[in-house]
Amino acid sequence: MAFEINYVIGNLETYFRQDEMNVLFFYAKDINLNLTKKMNYLLDKKTTYMIGNNISTDGFDSDDDLPAYFNVGDIQNVIQFITSQLIPAMQNESVNMDGKYGGTISSLINNINNYDSGDIAFMLYVSLDYVPVEMSYYISKANEIKDLLQTSLNLNTPILVSYTD
């Protein structure tokens with residue numbers, strides 16, 4: 001089931017759909033896998049980072065609202081990645097996401113769902129039969145992510161994350 005990831009930092013509240021985030025991450029991983037994984041950690045509950053780094057999650061309930069992973073250096077690096085690599089790469093594309101990955105929405109989704117990162121904390125999956133494919137849509141999402149991370153950095157506070165089915 002697709003779900004929304006809700007974010008609160010300071011007086012900024014927003015959400016992203018998990019399926020759409022996974023499309024963006026799938027694209028971004030080809031530019032820089034390490035920074036894409038860090039972006040994933042920074043936008044998910046800190047338990048995801050803990051699992052990915054073999055840190056015990058005892059005492060945490062993933063059903064609760066939890067802060068995201070927070071590391072100033074990683075936030076700065078991911079903001080720089082979004083600004084100087086990810087967005088320019090998407091702006092330079094001559095095709096949309098579906099065109100880049102097989103020509104149809106179903107081929108895009110199959111490519112994502114069959115991707116094996118080898119990392120339990122970085123699993124990409126699209127559960128719906130439709131996701132937006134327009135590159136401009138994902139450029140807008142990348143800018144929203146950058147703004148969200150910049151607010152977290154400015155406030156020196158982790159983003160609060162919750163999930164909605």
# chains A, B, ... in the order shown; residues from 1 in each chain; ligands from 1
$ residues_around --residues "range 5-15 of chain A" --least-positions-apart "6" --cutoff "8 Å" --atoms "only C-alpha atoms" --output "VMD selection string"
chain A and resid 148 151 to 152 155 157 to 164
$ select_by_dssp --residues "range 7-151 of chain A" --states "alpha helix (DSSP H)" --output "mmCIF file with C-alpha atoms, in the first residue's frame"
data_model
loop_
_atom_site.group_PDB
_atom_site.id
_atom_site.type_symbol
_atom_site.label_atom_id
_atom_site.label_comp_id
_atom_site.auth_asym_id
_atom_site.auth_seq_id
_atom_site.Cartn_x
_atom_site.Cartn_y
_atom_site.Cartn_z
ATOM 1 C CA GLN A 18 6.409 7.178 -0.731
ATOM 2 C CA ASP A 19 6.004 5.882 -4.299
ATOM 3 C CA GLU A 20 7.031 9.245 -5.735
ATOM 4 C CA MET A 21 10.005 9.512 -3.386
ATOM 5 C CA ASN A 22 11.156 6.105 -4.597
ATOM 6 C CA VAL A 23 10.997 7.255 -8.227
ATOM 7 C CA LEU A 24 13.160 10.255 -7.328
ATOM 8 C CA PHE A 25 15.603 8.095 -5.340
ATOM 9 C CA PHE A 26 15.787 5.602 -8.213
ATOM 10 C CA TYR A 27 16.842 8.398 -10.553
ATOM 11 C CA ALA A 28 19.194 10.022 -8.026
ATOM 12 C CA LYS A 29 21.035 6.791 -7.212
ATOM 13 C CA LEU A 33 24.261 6.324 -4.648
ATOM 14 C CA ASN A 34 25.935 7.287 -1.374
ATOM 15 C CA LEU A 35 24.320 10.738 -1.230
ATOM 16 C CA THR A 36 20.975 9.301 -2.331
ATOM 17 C CA LYS A 37 21.089 6.865 0.596
ATOM 18 C CA LYS A 38 21.908 9.770 2.924
ATOM 19 C CA MET A 39 18.986 11.737 1.494
ATOM 20 C CA ASN A 40 16.768 8.732 2.211
ATOM 21 C CA TYR A 41 18.028 8.570 5.809
ATOM 22 C CA LEU A 42 17.533 12.313 6.324
ATOM 23 C CA LYS A 46 15.956 7.686 12.401
ATOM 24 C CA THR A 47 15.258 3.987 12.900
ATOM 25 C CA THR A 48 15.898 3.489 9.160
ATOM 26 C CA TYR A 49 19.405 4.883 9.617
ATOM 27 C CA MET A 50 19.863 2.754 12.714
ATOM 28 C CA ILE A 51 18.824 -0.432 10.888
ATOM 29 C CA GLY A 52 21.097 0.406 7.969
ATOM 30 C CA VAL A 72 24.723 18.526 9.873
ATOM 31 C CA GLY A 73 27.462 17.419 7.465
ATOM 32 C CA ASP A 74 25.165 14.972 5.692
ATOM 33 C CA ILE A 75 22.414 17.596 5.402
ATOM 34 C CA GLN A 76 24.862 20.084 3.890
ATOM 35 C CA ASN A 77 26.195 17.464 1.455
ATOM 36 C CA VAL A 78 22.711 16.381 0.379
ATOM 37 C CA ILE A 79 21.564 19.978 -0.138
ATOM 38 C CA GLN A 80 24.665 20.537 -2.286
ATOM 39 C CA PHE A 81 23.960 17.298 -4.183
ATOM 40 C CA ILE A 87 18.304 19.182 -10.256
ATOM 41 C CA PRO A 88 20.684 20.089 -13.121
ATOM 42 C CA ALA A 89 20.685 16.456 -14.300
ATOM 43 C CA MET A 90 16.886 16.373 -14.356
ATOM 44 C CA GLN A 91 16.763 19.748 -16.127
ATOM 45 C CA MET A 97 10.994 9.351 -16.097
ATOM 46 C CA ASP A 98 9.020 6.748 -18.036
ATOM 47 C CA GLY A 99 10.964 7.517 -21.215
ATOM 48 C CA LYS A 100 14.249 7.172 -19.386
ATOM 49 C CA ILE A 105 4.920 3.743 -16.614
ATOM 50 C CA SER A 106 4.837 -0.012 -16.072
ATOM 51 C CA SER A 107 8.459 -0.392 -17.201
ATOM 52 C CA LEU A 108 9.503 2.460 -14.893
ATOM 53 C CA ILE A 109 7.732 0.786 -11.973
ATOM 54 C CA ASN A 110 9.170 -2.639 -12.838
ATOM 55 C CA ASN A 111 12.689 -1.199 -12.971
ATOM 56 C CA ILE A 112 12.243 0.350 -9.535
ATOM 57 C CA ASN A 113 10.612 -2.720 -7.996
ATOM 58 C CA MET A 135 10.636 15.459 -14.947
ATOM 59 C CA SER A 136 9.373 18.919 -13.930
ATOM 60 C CA TYR A 137 7.325 17.264 -11.160
ATOM 61 C CA TYR A 138 10.433 15.635 -9.690
ATOM 62 C CA ILE A 139 12.448 18.846 -10.023
ATOM 63 C CA SER A 140 9.756 20.507 -7.915
ATOM 64 C CA LYS A 141 9.933 17.659 -5.364
ATOM 65 C CA ALA A 142 13.726 17.944 -5.197
ATOM 66 C CA ASN A 143 13.392 21.664 -4.488
ATOM 67 C CA GLU A 144 10.867 20.933 -1.730
ATOM 68 C CA ILE A 145 13.261 18.399 -0.190
ATOM 69 C CA LYS A 146 16.097 20.920 -0.347
ATOM 70 C CA ASP A 147 13.924 23.529 1.416
ATOM 71 C CA LEU A 148 12.868 21.036 4.071
ATOM 72 C CA LEU A 149 16.474 20.030 4.760
ATOM 73 C CA GLN A 150 17.601 23.666 4.759
ATOM 74 C CA THR A 151 14.972 24.480 7.398
#
$ atom_distance --atom1 "CA of Val131 in chain A" --atom2 "CA of Asn96 in chain A"
11.8 Å
$ closest_residue --among "A:Ile120, A:Val133, A:Ile82, A:Leu128" --to "Gly102 in chain A" --atoms "only C-alpha atoms"
A:Val133
$ closest_residue --among "A:Ala68, A:Asn53, A:Asp63, A:Gln85" --to "Ile31 in chain A" --atoms "only C-alpha atoms"
A:Gln85
$ select_by_dssp --residues "range 41-154 of chain A" --states "strand (DSSP E or B)" --output "count of residues only"
4
$ atom_distance --atom1 "CA of Gly59 in chain A" --atom2 "CA of Tyr125 in chain A"
27.2 Å
$ atom_distance --atom1 "CA of Leu43 in chain A" --atom2 "CA of Asp64 in chain A"
15.3 Å
